[in-house]
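Dumped upload_12.pdb below, it's PDB, C-alpha atoms, pLDDT in the B column:
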```
ATOM      1  CA  MET A   1     108.008 123.759 122.080  1.00 77.00           C
ATOM      2  CA  THR A   2     104.820 121.907 121.044  1.00 82.00           C
ATOM      3  CA  ASP A   3     105.629 118.548 122.649  1.00 87.00           C
ATOM      4  CA  GLY A   4     105.421 116.514 119.453  1.00 90.00           C
ATOM      5  CA  GLY A   5     104.397 118.989 116.780  1.00 93.00           C
ATOM      6  CA  ALA A   6     101.607 121.438 116.054  1.00 95.00           C
ATOM      7  CA  ASP A   7      98.101 120.249 115.238  1.00 96.00           C
ATOM      8  CA  TYR A   8      97.873 122.872 112.458  1.00 96.00           C
ATOM      9  CA  CYS A   9     100.696 124.493 110.478  1.00 96.00           C
ATOM     10  CA  PHE A  10     100.194 127.240 107.907  1.00 94.00           C
ATOM     11  CA  GLU A  11     102.624 128.203 105.140  1.00 94.00           C
ATOM     12  CA  CYS A  12     101.885 131.650 103.713  1.00 91.00           C
ATOM     13  CA  ILE A  13     105.116 132.679 101.984  1.00 91.00           C
ATOM     14  CA  GLY A  14     105.260 130.522  98.872  1.00 91.00           C
ATOM     15  CA  LEU A  15     108.515 128.603  99.232  1.00 93.00           C
ATOM     16  CA  ALA A  16     108.642 124.817  98.911  1.00 94.00           C
ATOM     17  CA  ALA A  17     111.322 124.622 101.624  1.00 94.00           C
ATOM     18  CA  LEU A  18     109.017 126.413 104.085  1.00 94.00           C
ATOM     19  CA  MET A  19     106.097 124.219 103.030  1.00 95.00           C
ATOM     20  CA  ASN A  20     108.233 121.229 103.923  1.00 95.00           C
ATOM     21  CA  ASP A  21     109.251 122.846 107.232  1.00 95.00           C
ATOM     22  CA  ALA A  22     105.575 123.428 108.067  1.00 95.00           C
ATOM     23  CA  PHE A  23     104.789 119.801 107.247  1.00 96.00           C
ATOM     24  CA  GLN A  24     107.707 118.569 109.365  1.00 94.00           C
ATOM     25  CA  SER A  25     106.487 120.772 112.244  1.00 95.00           C
ATOM     26  CA  SER A  26     103.026 119.203 112.285  1.00 96.00           C
ATOM     27  CA  ARG A  27     102.162 116.507 114.799  1.00 95.00           C
ATOM     28  CA  ALA A  28     102.744 112.881 113.798  1.00 92.00           C
ATOM     29  CA  GLY A  29      99.465 111.011 113.374  1.00 93.00           C
ATOM     30  CA  TRP A  30      97.056 113.892 112.830  1.00 94.00           C
ATOM     31  CA  GLY A  31      98.947 117.116 112.073  1.00 95.00           C
ATOM     32  CA  LYS A  32      97.467 119.188 109.276  1.00 97.00           C
ATOM     33  CA  THR A  33      99.510 121.543 107.083  1.00 96.00           C
ATOM     34  CA  ILE A  34      97.631 124.178 105.103  1.00 95.00           C
ATOM     35  CA  ILE A  35      99.462 125.721 102.146  1.00 94.00           C
ATOM     36  CA  LEU A  36      98.356 129.306 101.472  1.00 92.00           C
ATOM     37  CA  GLY A  37     101.377 130.645  99.589  1.00 86.00           C
ATOM     38  CA  VAL A  38     101.835 130.006  95.871  1.00 88.00           C
ATOM     39  CA  GLU A  39     105.312 128.555  95.219  1.00 88.00           C
ATOM     40  CA  MET A  40     107.070 131.496  93.588  1.00 86.00           C
ATOM     41  CA  HIS A  41     109.855 129.548  91.867  1.00 90.00           C
ATOM     42  CA  GLY A  42     107.884 126.537  90.648  1.00 88.00           C
ATOM     43  CA  ALA A  43     109.804 124.194  92.941  1.00 92.00           C
ATOM     44  CA  PRO A  44     108.080 120.895  93.756  1.00 92.00           C
ATOM     45  CA  LEU A  45     107.028 119.978  97.272  1.00 91.00           C
ATOM     46  CA  THR A  46     108.647 116.742  98.412  1.00 91.00           C
ATOM     47  CA  ILE A  47     107.194 115.046 101.476  1.00 91.00           C
ATOM     48  CA  SER A  48     107.350 111.535 102.886  1.00 90.00           C
ATOM     49  CA  SER A  49     104.453 109.319 101.806  1.00 92.00           C
ATOM     50  CA  LEU A  50     105.008 107.310 104.996  1.00 93.00           C
ATOM     51  CA  GLU A  51     104.067 110.348 107.082  1.00 93.00           C
ATOM     52  CA  ILE A  52     100.897 110.771 104.993  1.00 94.00           C
ATOM     53  CA  LEU A  53     100.052 107.097 105.544  1.00 94.00           C
ATOM     54  CA  HIS A  54     100.514 107.605 109.282  1.00 92.00           C
ATOM     55  CA  GLY A  55      97.953 110.401 109.351  1.00 94.00           C
ATOM     56  CA  LYS A  56      99.613 113.712 108.563  1.00 96.00           C
ATOM     57  CA  CYS A  57      97.714 115.808 106.035  1.00 96.00           C
ATOM     58  CA  VAL A  58      98.566 118.557 103.542  1.00 95.00           C
ATOM     59  CA  MET A  59      95.933 120.734 101.928  1.00 94.00           C
ATOM     60  CA  GLY A  60      95.818 123.979 100.010  1.00 91.00           C
ATOM     61  CA  SER A  61      93.548 126.964 100.315  1.00 88.00           C
ATOM     62  CA  LEU A  62      93.432 129.319  97.348  1.00 83.00           C
ATOM     63  CA  PHE A  63      91.462 132.524  98.044  1.00 79.00           C
ATOM     64  CA  GLY A  64      90.233 131.007 101.315  1.00 79.00           C
ATOM     65  CA  GLY A  65      88.259 128.318  99.518  1.00 79.00           C
ATOM     66  CA  VAL A  66      86.039 130.741  97.603  1.00 86.00           C
ATOM     67  CA  LYS A  67      84.454 129.286  94.472  1.00 88.00           C
ATOM     68  CA  PRO A  68      84.482 132.400  92.257  1.00 89.00           C
ATOM     69  CA  LYS A  69      81.797 131.358  89.767  1.00 93.00           C
ATOM     70  CA  GLN A  70      79.367 130.504  92.567  1.00 94.00           C
ATOM     71  CA  ASP A  71      80.398 132.813  95.420  1.00 94.00           C
ATOM     72  CA  ILE A  72      81.249 136.174  93.812  1.00 93.00           C
ATOM     73  CA  PRO A  73      77.682 136.808  92.542  1.00 96.00           C
ATOM     74  CA  ILE A  74      76.382 136.040  96.049  1.00 96.00           C
ATOM     75  CA  LEU A  75      78.920 138.380  97.641  1.00 94.00           C
ATOM     76  CA  ALA A  76      78.152 141.114  95.082  1.00 96.00           C
ATOM     77  CA  ASP A  77      74.410 140.848  95.831  1.00 97.00           C
ATOM     78  CA  LYS A  78      75.087 141.027  99.566  1.00 96.00           C
ATOM     79  CA  TYR A  79      77.218 144.144  99.042  1.00 96.00           C
ATOM     80  CA  LEU A  80      74.602 145.819  96.849  1.00 97.00           C
ATOM     81  CA  ASN A  81      71.879 144.980  99.407  1.00 97.00           C
ATOM     82  CA  LYS A  82      74.014 146.519 102.202  1.00 95.00           C
ATOM     83  CA  GLU A  83      74.367 143.119 103.934  1.00 96.00           C
ATOM     84  CA  LEU A  84      78.143 143.088 103.406  1.00 94.00           C
ATOM     85  CA  GLU A  85      79.795 146.302 104.578  1.00 93.00           C
ATOM     86  CA  LEU A  86      83.042 146.602 102.623  1.00 92.00           C
ATOM     87  CA  ASP A  87      83.240 150.399 102.428  1.00 91.00           C
ATOM     88  CA  LYS A  88      84.522 150.540 106.025  1.00 90.00           C
ATOM     89  CA  PHE A  89      87.728 148.844 104.922  1.00 91.00           C
ATOM     90  CA  ILE A  90      88.637 151.600 102.436  1.00 93.00           C
ATOM     91  CA  THR A  91      90.535 154.150 104.490  1.00 94.00           C
ATOM     92  CA  HIS A  92      92.002 156.302 101.694  1.00 94.00           C
ATOM     93  CA  GLU A  93      91.359 157.217  98.066  1.00 95.00           C
ATOM     94  CA  VAL A  94      94.022 158.629  95.734  1.00 95.00           C
ATOM     95  CA  GLY A  95      94.460 159.315  92.055  1.00 94.00           C
ATOM     96  CA  LEU A  96      96.787 157.199  89.931  1.00 94.00           C
ATOM     97  CA  LYS A  97      99.406 159.959  89.969  1.00 94.00           C
ATOM     98  CA  ASP A  98      99.578 159.548  93.776  1.00 94.00           C
ATOM     99  CA  ILE A  99      99.956 155.760  93.793  1.00 94.00           C
ATOM    100  CA  ASN A 100     103.269 156.027  95.680  1.00 96.00           C
ATOM    101  CA  THR A 101     101.433 157.857  98.469  1.00 95.00           C
ATOM    102  CA  ALA A 102      99.061 154.899  98.703  1.00 94.00           C
ATOM    103  CA  PHE A 103     101.996 152.492  99.118  1.00 94.00           C
ATOM    104  CA  ASP A 104     103.608 154.771 101.703  1.00 95.00           C
ATOM    105  CA  LEU A 105     100.379 154.852 103.735  1.00 95.00           C
ATOM    106  CA  LEU A 106     100.182 151.044 103.651  1.00 91.00           C
ATOM    107  CA  LEU A 107     103.839 150.605 104.651  1.00 93.00           C
ATOM    108  CA  GLN A 108     103.426 153.085 107.518  1.00 94.00           C
ATOM    109  CA  GLY A 109     100.379 151.209 108.775  1.00 92.00           C
ATOM    110  CA  LYS A 110      98.141 154.246 108.246  1.00 93.00           C
ATOM    111  CA  SER A 111      95.908 152.681 105.606  1.00 92.00           C
ATOM    112  CA  LEU A 112      93.940 149.453 105.595  1.00 89.00           C
ATOM    113  CA  ARG A 113      92.840 149.597 101.944  1.00 91.00           C
ATOM    114  CA  CYS A 114      93.355 152.364  99.449  1.00 93.00           C
ATOM    115  CA  THR A 115      91.250 152.873  96.334  1.00 94.00           C
ATOM    116  CA  ILE A 116      93.282 154.168  93.395  1.00 94.00           C
ATOM    117  CA  TRP A 117      91.187 156.172  90.947  1.00 95.00           C
ATOM    118  CA  MET A 118      92.353 156.266  87.334  1.00 92.00           C
ATOM    119  CA  ASP A 119      90.577 159.545  86.522  1.00 87.00           C
ATOM    120  CA  LYS A 120      91.377 161.694  89.596  1.00 74.00           C
TER     121      LYS A 120
END
```
Conversion result in structure tokens:
Amino acid sequence: MTDGGADYCFECIGLAALMNDAFQSSRAGWGKTIILGVEMHGAPLTISSLEILHGKCVMGSLFGGVKPKQDIPILADKYLNKELELDKFITHEVGLKDINTAFDLLLQGKSLRCTIWMDK
């Protein structure tokens, strides 16, 4: 399908077997595999060091590369100064007693983000 492998492969599920499949699907010589999923069972990832030596690459990306200590204060300031418009992404608000409604809206594709209020 890709005539030799994909230049970039992403694993988002969190299974070592799929991480390995993504790595095997990347192009020999320069293919890059990016691991986004956290391995849910604690299984190790086993890949061929020879393929690494020949140029394939594996890297991880936790939270998209955000450095919380440095970046969250910057993002908070941008939000407070109205430079970062996050309110648009909140499509519904419900009280804690209606949390199941929030999940239903998400599963039905009717809600992007739902704020759950503890005191409503």
Distance of atom CA of A:Phe63 from atom CA of A:Lys78, expressed in Å to one decimal place
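Between atom CA of A:Lys78 and atom CA of A:Phe63 the gap works out to 18.5 Å.
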Please write as a list in words the full residue list that the PyMOL selection byres ((chain A and resi 43) around 12) yields on this file.
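Answer for the PyMOL selection byres ((chain A and resi 43) around 12): Gly14, Leu15, Ala16, Ala17, Leu18, Met19, Asn20, Val38, Glu39, Met40, His41, Gly42, Pro44, Leu45 and Thr46 of chain A.
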Taking all atoms of stretch 78-97 of chain A that the file lists and extending 5 Å past them on each side, where is the centre of the axis-aligned box and how long are its edges? Answer in Å to one decimal, as lines of an AutoDock Vina configuration file.
```
center_x = 85.6
center_y = 150.5
center_z = 98.0
size_x = 37.5
size_y = 28.9
size_z = 26.1
```
Selection: 12 Å around A:Asp104, only C-alpha atoms, excl. self and same-chain fewer than 4 positions, as a ChimeraX atom specification
/A:92,94,98-100,108-114
Which residue, A:Thr115, A:Ile90, A:Val58, A:Cys12, has the smallest gap to A:Trp30 when you use all atoms listed in the file?
A:Val58
Expand the PyMOL selection byres ((chain A and resi 29) around 8) into the explicit residue set it covers here, and present it as a PyMOL selection string.
chain A and resi 27-28+30-31+51+54-56
Surrounding residues of A:Trp117 excluding itself and chain neighbours under 2 positions, 6 Å, all atoms listed in the file, as a list in words
Gly95, Leu96, Asp119 and Lys120 of chain A
For atom CA of A:Val66 and atom CA of A:Tyr8, the interatomic separation in Å (one decimal)
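Atom-to-atom, atom CA of A:Val66 to atom CA of A:Tyr8, that is 20.6 Å.
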Could you check how far atom CA of A:Leu84 sits from atom CA of A:Leu106, in Å to one decimal?
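The value is 23.4 Å.
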What lies within 9 Å of A:Gly4 using all atoms listed in the file, ignoring chain neighbours under 2 positions off, as a list of chain:residue names?
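Listed by chain and then number, they are A:Met1, A:Thr2, A:Ala6, A:Ser25, A:Ser26, A:Arg27, A:Ala28.
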C-alpha atoms of the current selection, written as an mmCIF file, in the coordinates of the input:
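Okay, part_20.cif is ready:
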```cif
data_model
loop_
_atom_site.group_PDB
_atom_site.id
_atom_site.type_symbol
_atom_site.label_atom_id
_atom_site.label_comp_id
_atom_site.auth_asym_id
_atom_site.auth_seq_id
_atom_site.Cartn_x
_atom_site.Cartn_y
_atom_site.Cartn_z
ATOM 1 C CA MET A 1 108.008 123.759 122.080
ATOM 2 C CA THR A 2 104.820 121.907 121.044
ATOM 3 C CA ALA A 6 101.607 121.438 116.054
ATOM 4 C CA SER A 25 106.487 120.772 112.244
ATOM 5 C CA SER A 26 103.026 119.203 112.285
ATOM 6 C CA ARG A 27 102.162 116.507 114.799
ATOM 7 C CA ALA A 28 102.744 112.881 113.798
#
```
